[in-house]
Amino acid sequence: MEGVKKFYEVRKGLLSSQELRALDDVSLTIQRRETVSVVGESGCGKSTLGRISVRLLEPTDGRVFFKGEDITRIPESALRRLSFRKKLQIIFQDPYSSINPFMKIGEVLAEPLEIHGFPAREMKRRILSALEDVKLFPPEEFVERYPHELSGGQRQRVNIARALILDPEYLVADEPVSMIDASSRAEILLLLKQIRDARDMGILYITHDIATARYVSDRIAVMYLGELVEIGPTTDVLRRPIHPYTSLLLGSVPEPTPYGRKKKRVVIKGEPPSVLNPPTGCKFHTRCPLAIEKCKYARPQLTEYFPNHSAACHRAEEIILGN
Amino acid sequence: MFLSTWSGRVGLALLTILTAVSLFTLTAIPISEVSRHWNDPQYWADYPKNAPPIWVNLFSNRKLLETKVLQAGPVEITEGGNAAELLVDYEHDSFPTHISLVVSKLKYTDSVPLIILTVIRPDGYSIEVAKLTVPPPRENEQQPYIRFFPTPERILVSSSDELVREVYKLYVDRFNTPITPTKIKQDGPQRYLFGIPQNGEIRPLKGVYRFILAATQSKGSLSVESVKIILGGESYGFMGTDVIGRDLALGILLGFPVSLFIGVISSLIVTGFGTSLGLVSGYLGGRIDNLIQRIADFINNIPVLPLLIFLVFTFGAKLWIIIVAFVVFGWPGLTIVTRSIVLQLRESQFVEAARAIGASSIRVLAKHIFPSIAPFVLAQVIFLTPSFILLEAALSFLGLGDPSLPTWGQILELGFRSAAVYLGYWWWILPPGILIVITALAFVMVSLGLEPIINPRVRAVGGR
Amino acid sequence: MTSGEILHVEDLHVYYSTPKGYLKAVDGVSFNLHKGESLAVVGESGSGKTTLGLTLVRALPKNAKIVSGKVILNGEDIITLSTEEFRKKHSWRTISIVFQGAMNSLNPVIKVGDQIAEPLTYRGGLSKEEARKIAEEFIEMVGMPRDFYNRYPHELSGGMKQRIVIAMALVMKPQILILDEPTSALDVTIQAQIINLVKDLLDNLGLSVIFITHDLALASEIADRVAVMYGGQVVELGPLEELLGETPKHPYSEKLLASLPRLRGDNVPEFIPGRPPDLINPPTGCRFHPRCPYVFERCIVEEPPLFRQSSGHLVKCWLRGG
């Protein structure tokens with residue numbers, strides 16, 4: 001299977017006086033027909049990673065490869081010319097602010113086609129078929145509507161339609177359902193799955209909600225403070241997490257259980273450290289229940305412990321044996 | 001929705017009135033002609049000076065004399081004789097402030113005529129009021145000889161020494177009044193012309209006065225297009241006159257379109273320029289942004305008034321200079337505000353989405369960012385207009401304005417300069433002042449009314 | 001009012017006046033709250049749950065009107081009081097609320113400790129030193145070091161700010177605390193911390209809590225009883241075990257449960273087709289009928305009452321009675 005996307009990033013500094021390491025040496029590969037979820041809490045850098053992978057941002061260091069080609073530093077005009085913009089797309093989190101409120105849905109969907117020079121007849125065909133793909137029926141009616149006339153779930157589907165209309169091969173979905181009512185989420189997630197299968201795409205699914213990640217992804221990558229701490233097939237990571245952060249993250253997720261009121265969860269102590277002043281060594285050591293002396297000064301490397309399942313922790317082996 | 005606020009409604013109503021008056025002014029009054037003559041005292045010579053409006057008579061017991069214009073013509077005389085007879089039925093309690101004779105377009109053939117104006121009083125006495133000499137033919141001039149064209153010939157009868165002498169003769173010979181020519185001249189001979197001694201003072205003589213215009217010409221014919229006799233009153237017109245005698249009603253009416261024009265044009269240019277720079281500055285960022293912002297800061301810190309004084313001093317006070325100054329000093333404010341809005345919008349997700357699908361910067365600016373700021377821009381234009389109207393008025397008032405323009409500020413300026421306030425010439429000071437305020441208010445109210453649209457507070461009402 | 005019952009809401013109707021008509025945000029809600037109990041009010045956007053919370057503390061916006069109903073707090077119907085009277089008597093003292101997004105409404109230029117102490121001096125008439133001591137106690141109670149009194153909001157993380165806001169709401173020792181989506185802006189690990197905190201407070205202070213949320217899983221962590229709201233009405237009300245167990249429920253609750261993606265278990269999350277009801281012109285009969293998989297004729301025509309199930313909980317559905 002050909003690798004669709006691979007990146008290897010060292011740093012994405014954002015401030016000039018103080019260095020803000022949004023991403024610190026993150027490498028990730030996404031295959032065709034695969035959905036990889038990047039899970040983490042606010043400040044872990046997952047959104048930055050997503051944007052770098054579609055070249056909305058440029059990494060300070062490191063490279064991004066698309067189908068073997070290095071697209072890290074290509075200027076914007078070349079990106080457009082070489083059709084990379086068509087092939088790499090992104091869906092944003094907020095269905096309310098990611099669509100221009102002054103444009104009709106038809107215009108919103110026509111815009112990418114206009115930019116890339118599709119002839120008028122083909123544009124119309126593509127717009128209608130894109131609306132059908134995201135199950136907004138009847139498409140002719142939706143073309144005329146304005147965003148404020150649609151529900152959150154419908155708008156998100158328009159976002160998806162807009163991303164798909166150029167037939168991309170790689171899609172980043174940045175928290176696509178976190179602002180949608182629970183009862184409509186599954187619909188969007190199901191849609192993402194169907195799309196991926198129908199179009200042979202690779203999807204990067206960014207979220208803070210592991211439960212939804214479980215549903216859509218083949219592999220899960222867990223990030224903490226700009227670093228990749230664990231990555232592996234979904235079922236493996238969820239059933240046998242290696243990194244302590246992963247375990248605690250899983251433990252924090254509320255589950256509908258009748259006994260919830262009585263039990264108290266084991267929670268991570270303390271607050272996430274400042275991204276401007278991250279801890280030394282393993283960044284999680286300040287909150288890790290299993291931290292030892294070594295964790296304070298040595299940064300653990302991502303090591304593969306099971307087929308395709310890696311984690312970055314000094315005590316990984318102990319943990320695995322202990323389970 | 002715009003009309004839902006009472007402020008918006010009132011403002012819109014006022015604006016409509018202002019625009020209607022301006023349109024009326026533009027169509028009904030020959031603006032260019034009046035503008036040209038606005039600063040020509042000659043043009044206004046026939047009008048009373050510092051005269052209150054006519055309708056003041058409605059409120060006071062003592063009726064002020066209105067300016068009367070007696071007009072006749074065209075007339076033709078052959079070989080001498082009476083050219084015209086003008087009557088006035090004088091019923092007032094006061095005397096005219098002056099008497100003028102205006103003759104326009106006189107044509108004659110052969111010998112040079114002499115025009116004499118006589119008045120026959122109600123009590124039967126006749127007095128020669130004025131003699132008008134017509135210029136003789138020039139060398140090589142062809143007949144018929146045309147005189148007093150295009151500028152009519154004006155004689156301020158009431159200041160002529162001949163009239164003083166005639167009046168003196170009448171009063172001494174016929175009325176036995178102890179009086180001196182000096183006194184007559186001091187008081188103005190027209191008082192005595194229209195008066196009669198009674199109980200030791202001169203009272204107005206009521207009755208019909210006949211003004212007869214006669215011509216003596218030994219040979220040939222003579223025709224006059226129009227003859228006017230103006231009895232200067234103490235009041236004139238709708239809004240009175242100023243020290244030069246200018247009909248303030250005209251001046252104020254002209255002020256409508258002129259003020260609106262200055263305000264709207266300046267506002268449009270400043271807004272257009274300022275927001276464009278703000279768009280560029282905010283969206284492109286980097287060095288261009290820095291450059292524009294530094295220039296804006298610099299300009300903001302320049303003291304406007306001293307510089308304006310200097311400019312006026314050097315180049316003279318002209319309208320276009322003033323507008324240029326407005327634009328140059330006005331754009332930074334707009335740029336800075338637009339820029340901050342654009343900065344915010346630039347980070348919004350739909351802009352990001354547009355970039356993600358490959359939109360060029362221009363496209364993003366035009367299709368995505370501009371529509372979001374368009375309501376703001378519109379509001380700014382409306383909001384800035386009164387500022388410029390006020391600014392122009394202030395500048396005129398300080399003497400920095402363009403005096404050739406009949407604007408309200410100019411009227412006020414002359415008023416203050418001529419001590420109109422102290423002399424109590426309220427009709428001169430109050431209307432322009434009030435109108436400036438009302439105009440500014442109209443615009444402000446409209447922008448207040450627009451505010452709910454510009455600031456859509458998207459609150460989820462209910463449902464949560 | 002039965003013993004131990006401190007809040008009784010009866011047939012509450014709260015409407016907003018909008019240009020398009022009356023928006024019936026709360027349209028016939030009844031429930032009660034007992035001492036030391038936590039009640040979760042679960043609903044999605046447009047269900048009326050926030051309006052309900054605001055009504056209980058008489059903090060509704062100007063265009064909202066309490067059309068009818070009773071809210072009996074400690075034997076007194078607080079609807080009959082004017083907002084001023086309510087404010088003096090009950091607000092902060094008997095019942096208090098942590099609004100949605102409250103942590104972002106902290107005054108940035110005042111120390112957080114002072115902000116907690118403010119109601120004590122302003123309302124409680126205590127001296128500054130006394131107030132400070134109590135404020136520090138509460139800061140400790142919500143799990144932070146006492147010297148955080150002197151911190152400013154921008155120096156605190158989201159989770160810390162939320163703790164401060166909770167301390168503020170508790171400082172006058174109210175009997176009832178309403179929390180409106182207290183964790184929606186927080187990371188899941190911090191959320192777990194806050195939930196643990198609330199549980200501690202429930203146990204240690206004998207507090208009664210109304211927990212408003214859209215997240216049914218979260219509600220189940222903390223609730224003794226759950227009220228499910230849909231379209232401005234309570235469609236199901238009962239103990240948590242009943243709601244999550246095998247007993248028949250309201251179809252909406254059923255679907256809501258089914259839509260939750262789970263970490264464990266094999267279910268595929270379902271979704272509910274359609275959109276939340278228009279509260280200005282709600283559907284006839286049962287408001288859920290346009291989206292209900294079990295709809296039949298009566299549902300369209302007649303609005304069902306709350307039927308008491310054999311298990312003791314109430315379900316507003318024709319399938320469960322009548």
# chains A, B, ... in the order shown; residues from 1 in each chain; ligands from 1

call {"tool": "interface_residues", "arguments": {"of": "chain C", "to": "chain B", "cutoff": "9 Å", "atoms": "only C-alpha atoms", "output": "number ranges by chain"}}
result
C: 15-16, 18, 23-26, 43-52, 63-64, 231-232, 279

call {"tool": "interface_residues", "arguments": {"of": "chain B", "to": "chain A", "cutoff": "6 Å", "atoms": "only C-alpha atoms", "output": "ChimeraX atom specification"}}
result
/B:349-350,357-358

call {"tool": "write_last_selection", "arguments": {"atoms": "C-alpha atoms", "output": "compact mmCIF listing (two decimals), in the first residue's frame"}}
result
# COMPACT_ATOMS: atom_id res chain seq x y z
CA GLN B 349 -12.80 29.63 9.90
CA PHE B 350 -14.54 30.44 6.70
CA ILE B 357 -9.57 25.32 -1.20
CA GLY B 358 -6.94 27.45 -2.82

call {"tool": "closest_atom_pairs", "arguments": {"of": "chain C", "to": "chain A", "cutoff": "7 Å", "atoms": "only C-alpha atoms", "output": "tab-separated table"}}
result
residue	atom	partner	partner_atom	distance
C:Glu44	CA	A:Asp181	CA	6.1
C:Ser45	CA	A:Asp181	CA	7.0
C:Asp187	CA	A:Glu41	CA	5.7
C:Val188	CA	A:Ser252	CA	6.2
C:Thr189	CA	A:Ser252	CA	5.4
C:Ala192	CA	A:Ser252	CA	5.5
C:Gln193	CA	A:Val267	CA	6.1
C:Asn196	CA	A:Lys264	CA	6.1
C:Leu216	CA	A:Pro256	CA	6.8
C:Ala217	CA	A:Pro256	CA	4.2
C:Leu218	CA	A:Pro254	CA	5.3
C:Ser220	CA	A:Pro256	CA	5.3
C:Glu221	CA	A:Gly260	CA	4.0
C:Ile222	CA	A:Arg261	CA	4.6
C:Ala223	CA	A:Arg261	CA	5.8
C:Asp224	CA	A:Arg261	CA	6.6
C:Leu240	CA	A:Pro258	CA	5.9
C:Glu241	CA	A:Pro258	CA	4.8
C:Leu244	CA	A:Pro258	CA	6.1
C:Leu256	CA	A:Ser183	CA	6.0
C:Ser259	CA	A:Ser183	CA	5.6
C:Leu260	CA	A:Ala182	CA	7.0
C:Pro261	CA	A:Ala211	CA	5.4
C:Arg262	CA	A:Ala211	CA	5.4
C:Leu263	CA	A:Ala211	CA	5.2
C:Pro269	CA	A:Ala186	CA	5.7
C:Glu270	CA	A:Ala186	CA	5.6
C:Phe271	CA	A:Ser183	CA	5.1
C:Ile272	CA	A:Ser183	CA	5.4

call {"tool": "select_by_dssp", "arguments": {"residues": "range 30-216 of chain C", "states": "alpha helix (DSSP H)", "output": "mmCIF file with N, CA and C atoms, in the first residue's frame"}}
result
data_model
loop_
_atom_site.group_PDB
_atom_site.id
_atom_site.type_symbol
_atom_site.label_atom_id
_atom_site.label_comp_id
_atom_site.auth_asym_id
_atom_site.auth_seq_id
_atom_site.Cartn_x
_atom_site.Cartn_y
_atom_site.Cartn_z
ATOM 1 N N LYS C 49 -33.349 23.788 28.453
ATOM 2 C CA LYS C 49 -32.763 23.527 29.763
ATOM 3 C C LYS C 49 -32.082 24.747 30.372
ATOM 4 N N THR C 50 -31.419 25.537 29.530
ATOM 5 C CA THR C 50 -30.782 26.727 30.099
ATOM 6 C C THR C 50 -31.826 27.717 30.590
ATOM 7 N N THR C 51 -32.915 27.859 29.820
ATOM 8 C CA THR C 51 -33.977 28.764 30.256
ATOM 9 C C THR C 51 -34.517 28.316 31.605
ATOM 10 N N LEU C 52 -34.640 27.027 31.757
ATOM 11 C CA LEU C 52 -35.132 26.505 33.033
ATOM 12 C C LEU C 52 -34.213 26.935 34.169
ATOM 13 N N GLY C 53 -32.931 26.748 33.965
ATOM 14 C CA GLY C 53 -31.967 27.145 34.989
ATOM 15 C C GLY C 53 -32.074 28.624 35.317
ATOM 16 N N LEU C 54 -32.149 29.440 34.287
ATOM 17 C CA LEU C 54 -32.231 30.886 34.501
ATOM 18 C C LEU C 54 -33.505 31.251 35.251
ATOM 19 N N THR C 55 -34.576 30.541 34.933
ATOM 20 C CA THR C 55 -35.835 30.854 35.610
ATOM 21 C C THR C 55 -35.725 30.589 37.101
ATOM 22 N N LEU C 56 -35.068 29.511 37.451
ATOM 23 C CA LEU C 56 -34.996 29.152 38.868
ATOM 24 C C LEU C 56 -34.232 30.190 39.678
ATOM 25 N N THR C 83 -38.151 40.469 40.973
ATOM 26 C CA THR C 83 -36.739 40.081 40.846
ATOM 27 C C THR C 83 -35.924 40.698 41.964
ATOM 28 N N GLU C 84 -36.296 41.873 42.370
ATOM 29 C CA GLU C 84 -35.560 42.553 43.435
ATOM 30 C C GLU C 84 -35.690 41.793 44.751
ATOM 31 N N GLU C 85 -36.933 41.433 45.071
ATOM 32 C CA GLU C 85 -37.160 40.688 46.318
ATOM 33 C C GLU C 85 -36.428 39.362 46.272
ATOM 34 N N PHE C 86 -36.524 38.697 45.118
ATOM 35 C CA PHE C 86 -35.846 37.415 45.008
ATOM 36 C C PHE C 86 -34.359 37.581 45.230
ATOM 37 N N ARG C 87 -33.842 38.635 44.605
ATOM 38 C CA ARG C 87 -32.409 38.864 44.703
ATOM 39 C C ARG C 87 -31.988 39.027 46.157
ATOM 40 N N LYS C 88 -32.768 39.801 46.898
ATOM 41 C CA LYS C 88 -32.377 40.064 48.277
ATOM 42 C C LYS C 88 -32.475 38.811 49.114
ATOM 43 N N LYS C 89 -33.547 38.066 48.882
ATOM 44 C CA LYS C 89 -33.842 36.968 49.803
ATOM 45 C C LYS C 89 -33.104 35.683 49.456
ATOM 46 N N VAL C 112 -9.113 36.922 42.290
ATOM 47 C CA VAL C 112 -10.211 35.948 42.325
ATOM 48 C C VAL C 112 -10.754 35.787 43.738
ATOM 49 N N GLY C 113 -9.851 35.870 44.707
ATOM 50 C CA GLY C 113 -10.307 35.740 46.088
ATOM 51 C C GLY C 113 -11.296 36.838 46.447
ATOM 52 N N ASP C 114 -10.990 38.031 46.036
ATOM 53 C CA ASP C 114 -11.897 39.143 46.309
ATOM 54 C C ASP C 114 -13.238 38.927 45.631
ATOM 55 N N GLN C 115 -13.194 38.330 44.459
ATOM 56 C CA GLN C 115 -14.449 38.109 43.756
ATOM 57 C C GLN C 115 -15.303 37.090 44.502
ATOM 58 N N ILE C 116 -14.634 36.120 45.106
ATOM 59 C CA ILE C 116 -15.400 35.155 45.894
ATOM 60 C C ILE C 116 -15.946 35.841 47.139
ATOM 61 N N ALA C 117 -15.140 36.724 47.720
ATOM 62 C CA ALA C 117 -15.542 37.350 48.974
ATOM 63 C C ALA C 117 -16.633 38.383 48.793
ATOM 64 N N GLU C 118 -16.777 38.855 47.583
ATOM 65 C CA GLU C 118 -17.696 39.974 47.364
ATOM 66 C C GLU C 118 -19.115 39.770 47.869
ATOM 67 N N PRO C 119 -19.755 38.668 47.553
ATOM 68 C CA PRO C 119 -21.119 38.532 48.067
ATOM 69 C C PRO C 119 -21.169 38.543 49.595
ATOM 70 N N LEU C 120 -20.097 38.114 50.231
ATOM 71 C CA LEU C 120 -20.104 38.069 51.687
ATOM 72 C C LEU C 120 -20.122 39.462 52.283
ATOM 73 N N THR C 121 -19.346 40.369 51.705
ATOM 74 C CA THR C 121 -19.335 41.729 52.240
ATOM 75 C C THR C 121 -20.553 42.485 51.757
ATOM 76 N N TYR C 122 -20.854 42.322 50.519
ATOM 77 C CA TYR C 122 -21.918 43.114 49.910
ATOM 78 C C TYR C 122 -23.298 42.696 50.412
ATOM 79 N N LYS C 128 -14.282 42.790 55.878
ATOM 80 C CA LYS C 128 -13.378 42.289 54.858
ATOM 81 C C LYS C 128 -12.538 41.119 55.343
ATOM 82 N N GLU C 129 -12.093 41.188 56.592
ATOM 83 C CA GLU C 129 -11.224 40.098 57.073
ATOM 84 C C GLU C 129 -12.009 38.805 57.214
ATOM 85 N N GLU C 130 -13.218 38.941 57.765
ATOM 86 C CA GLU C 130 -14.030 37.736 57.934
ATOM 87 C C GLU C 130 -14.326 37.119 56.577
ATOM 88 N N ALA C 131 -14.675 37.994 55.644
ATOM 89 C CA ALA C 131 -15.008 37.491 54.311
ATOM 90 C C ALA C 131 -13.810 36.792 53.692
ATOM 91 N N ARG C 132 -12.649 37.397 53.893
ATOM 92 C CA ARG C 132 -11.459 36.810 53.305
ATOM 93 C C ARG C 132 -11.193 35.419 53.852
ATOM 94 N N LYS C 133 -11.389 35.280 55.134
ATOM 95 C CA LYS C 133 -11.117 33.963 55.734
ATOM 96 C C LYS C 133 -12.041 32.907 55.160
ATOM 97 N N ILE C 134 -13.297 33.282 55.038
ATOM 98 C CA ILE C 134 -14.255 32.311 54.505
ATOM 99 C C ILE C 134 -13.926 31.997 53.049
ATOM 100 N N ALA C 135 -13.575 33.051 52.313
ATOM 101 C CA ALA C 135 -13.247 32.823 50.899
ATOM 102 C C ALA C 135 -12.081 31.851 50.768
ATOM 103 N N GLU C 136 -11.092 32.033 51.626
ATOM 104 C CA GLU C 136 -9.938 31.131 51.557
ATOM 105 C C GLU C 136 -10.346 29.693 51.864
ATOM 106 N N GLU C 137 -11.259 29.551 52.822
ATOM 107 C CA GLU C 137 -11.737 28.199 53.124
ATOM 108 C C GLU C 137 -12.355 27.556 51.897
ATOM 109 N N PHE C 138 -13.135 28.343 51.207
ATOM 110 C CA PHE C 138 -13.811 27.784 50.048
ATOM 111 C C PHE C 138 -12.835 27.479 48.926
ATOM 112 N N ILE C 139 -11.820 28.302 48.814
ATOM 113 C CA ILE C 139 -10.821 28.021 47.777
ATOM 114 C C ILE C 139 -10.188 26.672 48.042
ATOM 115 N N GLU C 140 -9.943 26.430 49.300
ATOM 116 C CA GLU C 140 -9.363 25.137 49.658
ATOM 117 C C GLU C 140 -10.356 24.019 49.388
ATOM 118 N N MET C 141 -11.611 24.328 49.691
ATOM 119 C CA MET C 141 -12.634 23.312 49.514
ATOM 120 C C MET C 141 -12.774 22.894 48.059
ATOM 121 N N GLY C 158 -8.253 27.022 32.741
ATOM 122 C CA GLY C 158 -9.706 26.882 32.629
ATOM 123 C C GLY C 158 -10.306 26.135 33.799
ATOM 124 N N GLY C 159 -9.665 25.018 34.131
ATOM 125 C CA GLY C 159 -10.184 24.219 35.231
ATOM 126 C C GLY C 159 -10.157 24.981 36.548
ATOM 127 N N MET C 160 -9.096 25.708 36.771
ATOM 128 C CA MET C 160 -8.999 26.479 38.009
ATOM 129 C C MET C 160 -10.065 27.563 38.052
ATOM 130 N N LYS C 161 -10.259 28.224 36.931
ATOM 131 C CA LYS C 161 -11.270 29.277 36.913
ATOM 132 C C LYS C 161 -12.635 28.699 37.229
ATOM 133 N N GLN C 162 -12.888 27.543 36.704
ATOM 134 C CA GLN C 162 -14.183 26.938 36.953
ATOM 135 C C GLN C 162 -14.331 26.624 38.438
ATOM 136 N N ARG C 163 -13.271 26.194 39.061
ATOM 137 C CA ARG C 163 -13.342 25.933 40.505
ATOM 138 C C ARG C 163 -13.637 27.216 41.263
ATOM 139 N N ILE C 164 -12.999 28.289 40.835
ATOM 140 C CA ILE C 164 -13.243 29.578 41.491
ATOM 141 C C ILE C 164 -14.717 29.948 41.369
ATOM 142 N N VAL C 165 -15.247 29.769 40.182
ATOM 143 C CA VAL C 165 -16.631 30.160 39.961
ATOM 144 C C VAL C 165 -17.556 29.312 40.838
ATOM 145 N N ILE C 166 -17.220 28.054 40.975
ATOM 146 C CA ILE C 166 -18.029 27.195 41.841
ATOM 147 C C ILE C 166 -17.917 27.673 43.288
ATOM 148 N N ALA C 167 -16.708 28.031 43.692
ATOM 149 C CA ALA C 167 -16.545 28.548 45.049
ATOM 150 C C ALA C 167 -17.394 29.786 45.254
ATOM 151 N N MET C 168 -17.394 30.668 44.255
ATOM 152 C CA MET C 168 -18.205 31.876 44.346
ATOM 153 C C MET C 168 -19.668 31.546 44.561
ATOM 154 N N ALA C 169 -20.112 30.529 43.837
ATOM 155 C CA ALA C 169 -21.529 30.203 43.936
ATOM 156 C C ALA C 169 -21.875 29.594 45.285
ATOM 157 N N LEU C 170 -20.877 29.004 45.949
ATOM 158 C CA LEU C 170 -21.165 28.301 47.194
ATOM 159 C C LEU C 170 -20.898 29.113 48.447
ATOM 160 N N VAL C 188 -11.254 16.859 28.657
ATOM 161 C CA VAL C 188 -11.926 15.743 29.316
ATOM 162 C C VAL C 188 -11.247 15.359 30.636
ATOM 163 N N THR C 189 -9.931 15.516 30.712
ATOM 164 C CA THR C 189 -9.278 15.164 31.984
ATOM 165 C C THR C 189 -9.627 16.171 33.070
ATOM 166 N N ILE C 190 -9.691 17.416 32.702
ATOM 167 C CA ILE C 190 -10.078 18.441 33.682
ATOM 168 C C ILE C 190 -11.549 18.265 34.050
ATOM 169 N N GLN C 191 -12.329 17.917 33.057
ATOM 170 C CA GLN C 191 -13.743 17.671 33.297
ATOM 171 C C GLN C 191 -13.901 16.621 34.386
ATOM 172 N N ALA C 192 -13.107 15.551 34.279
ATOM 173 C CA ALA C 192 -13.203 14.494 35.281
ATOM 174 C C ALA C 192 -12.875 15.044 36.658
ATOM 175 N N GLN C 193 -11.890 15.912 36.731
ATOM 176 C CA GLN C 193 -11.551 16.516 38.021
ATOM 177 C C GLN C 193 -12.722 17.308 38.592
ATOM 178 N N ILE C 194 -13.324 18.104 37.735
ATOM 179 C CA ILE C 194 -14.428 18.951 38.207
ATOM 180 C C ILE C 194 -15.590 18.077 38.663
ATOM 181 N N ILE C 195 -15.852 17.033 37.932
ATOM 182 C CA ILE C 195 -16.960 16.145 38.315
ATOM 183 C C ILE C 195 -16.680 15.526 39.680
ATOM 184 N N ASN C 196 -15.445 15.116 39.871
ATOM 185 C CA ASN C 196 -15.097 14.577 41.185
ATOM 186 C C ASN C 196 -15.315 15.613 42.275
ATOM 187 N N LEU C 197 -14.951 16.826 41.961
ATOM 188 C CA LEU C 197 -15.146 17.912 42.919
ATOM 189 C C LEU C 197 -16.611 18.070 43.274
ATOM 190 N N VAL C 198 -17.455 18.067 42.262
ATOM 191 C CA VAL C 198 -18.877 18.252 42.520
ATOM 192 C C VAL C 198 -19.418 17.115 43.383
ATOM 193 N N LYS C 199 -18.919 15.921 43.107
ATOM 194 C CA LYS C 199 -19.374 14.796 43.931
ATOM 195 C C LYS C 199 -18.968 14.981 45.381
ATOM 196 N N ASP C 200 -17.725 15.454 45.572
ATOM 197 C CA ASP C 200 -17.272 15.716 46.942
ATOM 198 C C ASP C 200 -18.171 16.734 47.624
ATOM 199 N N LEU C 201 -18.462 17.768 46.893
ATOM 200 C CA LEU C 201 -19.295 18.819 47.484
ATOM 201 C C LEU C 201 -20.671 18.276 47.848
ATOM 202 N N LEU C 202 -21.170 17.428 46.978
ATOM 203 C CA LEU C 202 -22.479 16.841 47.258
ATOM 204 C C LEU C 202 -22.430 16.054 48.562
ATOM 205 N N ASP C 203 -21.365 15.268 48.683
ATOM 206 C CA ASP C 203 -21.284 14.414 49.863
ATOM 207 C C ASP C 203 -20.989 15.215 51.124
ATOM 208 N N ASN C 204 -20.034 16.165 51.005
ATOM 209 C CA ASN C 204 -19.586 16.834 52.223
ATOM 210 C C ASN C 204 -20.482 17.968 52.673
ATOM 211 N N LEU C 205 -21.097 18.633 51.756
ATOM 212 C CA LEU C 205 -21.864 19.814 52.148
ATOM 213 C C LEU C 205 -23.358 19.556 52.227
ATOM 214 N N LEU C 216 -25.292 13.041 28.046
ATOM 215 C CA LEU C 216 -25.957 12.049 28.897
ATOM 216 C C LEU C 216 -24.939 11.201 29.661
#

call {"tool": "atom_distance", "arguments": {"atom1": "CA of Ser247 in chain A", "atom2": "CA of Val36 in chain A"}}
result
18.8 Å

call {"tool": "select_by_dssp", "arguments": {"residues": "range 111-225 of chain A", "states": "strand (DSSP E or B)", "output": "MDAnalysis selection string"}}
result
chainID A and resid 170:174 202:207 219:224

call {"tool": "write_last_selection", "arguments": {"atoms": "N, CA and C atoms", "output": "tab-separated table (two decimals), in the first residue's frame"}}
result
chain	number	residue	atom	x	y	z
A	170	TYR	N	-6.83	13.18	0.27
A	170	TYR	CA	-6.49	13.21	1.69
A	170	TYR	C	-7.37	14.27	2.35
A	171	LEU	N	-7.92	13.91	3.48
A	171	LEU	CA	-8.84	14.83	4.15
A	171	LEU	C	-8.49	14.93	5.62
A	172	VAL	N	-8.48	16.14	6.11
A	172	VAL	CA	-8.30	16.33	7.55
A	172	VAL	C	-9.64	16.76	8.11
A	173	ALA	N	-10.10	16.09	9.14
A	173	ALA	CA	-11.36	16.48	9.77
A	173	ALA	C	-11.02	16.97	11.17
A	174	ASP	N	-11.10	18.29	11.38
A	174	ASP	CA	-10.69	18.87	12.65
A	174	ASP	C	-11.90	19.03	13.56
A	202	GLY	N	-7.46	8.93	2.37
A	202	GLY	CA	-6.84	8.82	3.68
A	202	GLY	C	-7.37	9.96	4.52
A	203	ILE	N	-7.77	9.67	5.75
A	203	ILE	CA	-8.37	10.72	6.58
A	203	ILE	C	-7.61	10.86	7.88
A	204	LEU	N	-7.38	12.11	8.24
A	204	LEU	CA	-6.81	12.41	9.55
A	204	LEU	C	-7.93	13.01	10.39
A	205	TYR	N	-8.28	12.32	11.43
A	205	TYR	CA	-9.43	12.74	12.24
A	205	TYR	C	-8.91	13.29	13.56
A	206	ILE	N	-9.15	14.57	13.77
A	206	ILE	CA	-8.63	15.23	14.97
A	206	ILE	C	-9.76	15.39	15.97
A	207	THR	N	-9.51	15.02	17.20
A	207	THR	CA	-10.58	15.16	18.18
A	207	THR	C	-10.04	15.12	19.59
A	219	ARG	N	-6.54	3.63	13.20
A	219	ARG	CA	-5.45	3.77	14.15
A	219	ARG	C	-5.67	5.02	14.98
A	220	ILE	N	-5.14	4.99	16.17
A	220	ILE	CA	-5.25	6.17	17.04
A	220	ILE	C	-3.86	6.65	17.42
A	221	ALA	N	-3.67	7.96	17.33
A	221	ALA	CA	-2.42	8.56	17.81
A	221	ALA	C	-2.76	9.49	18.95
A	222	VAL	N	-2.09	9.35	20.05
A	222	VAL	CA	-2.37	10.19	21.22
A	222	VAL	C	-1.27	11.23	21.36
A	223	MET	N	-1.68	12.48	21.50
A	223	MET	CA	-0.68	13.54	21.62
A	223	MET	C	-0.78	14.25	22.97
A	224	TYR	N	0.37	14.64	23.46
A	224	TYR	CA	0.38	15.43	24.70
A	224	TYR	C	1.42	16.51	24.55
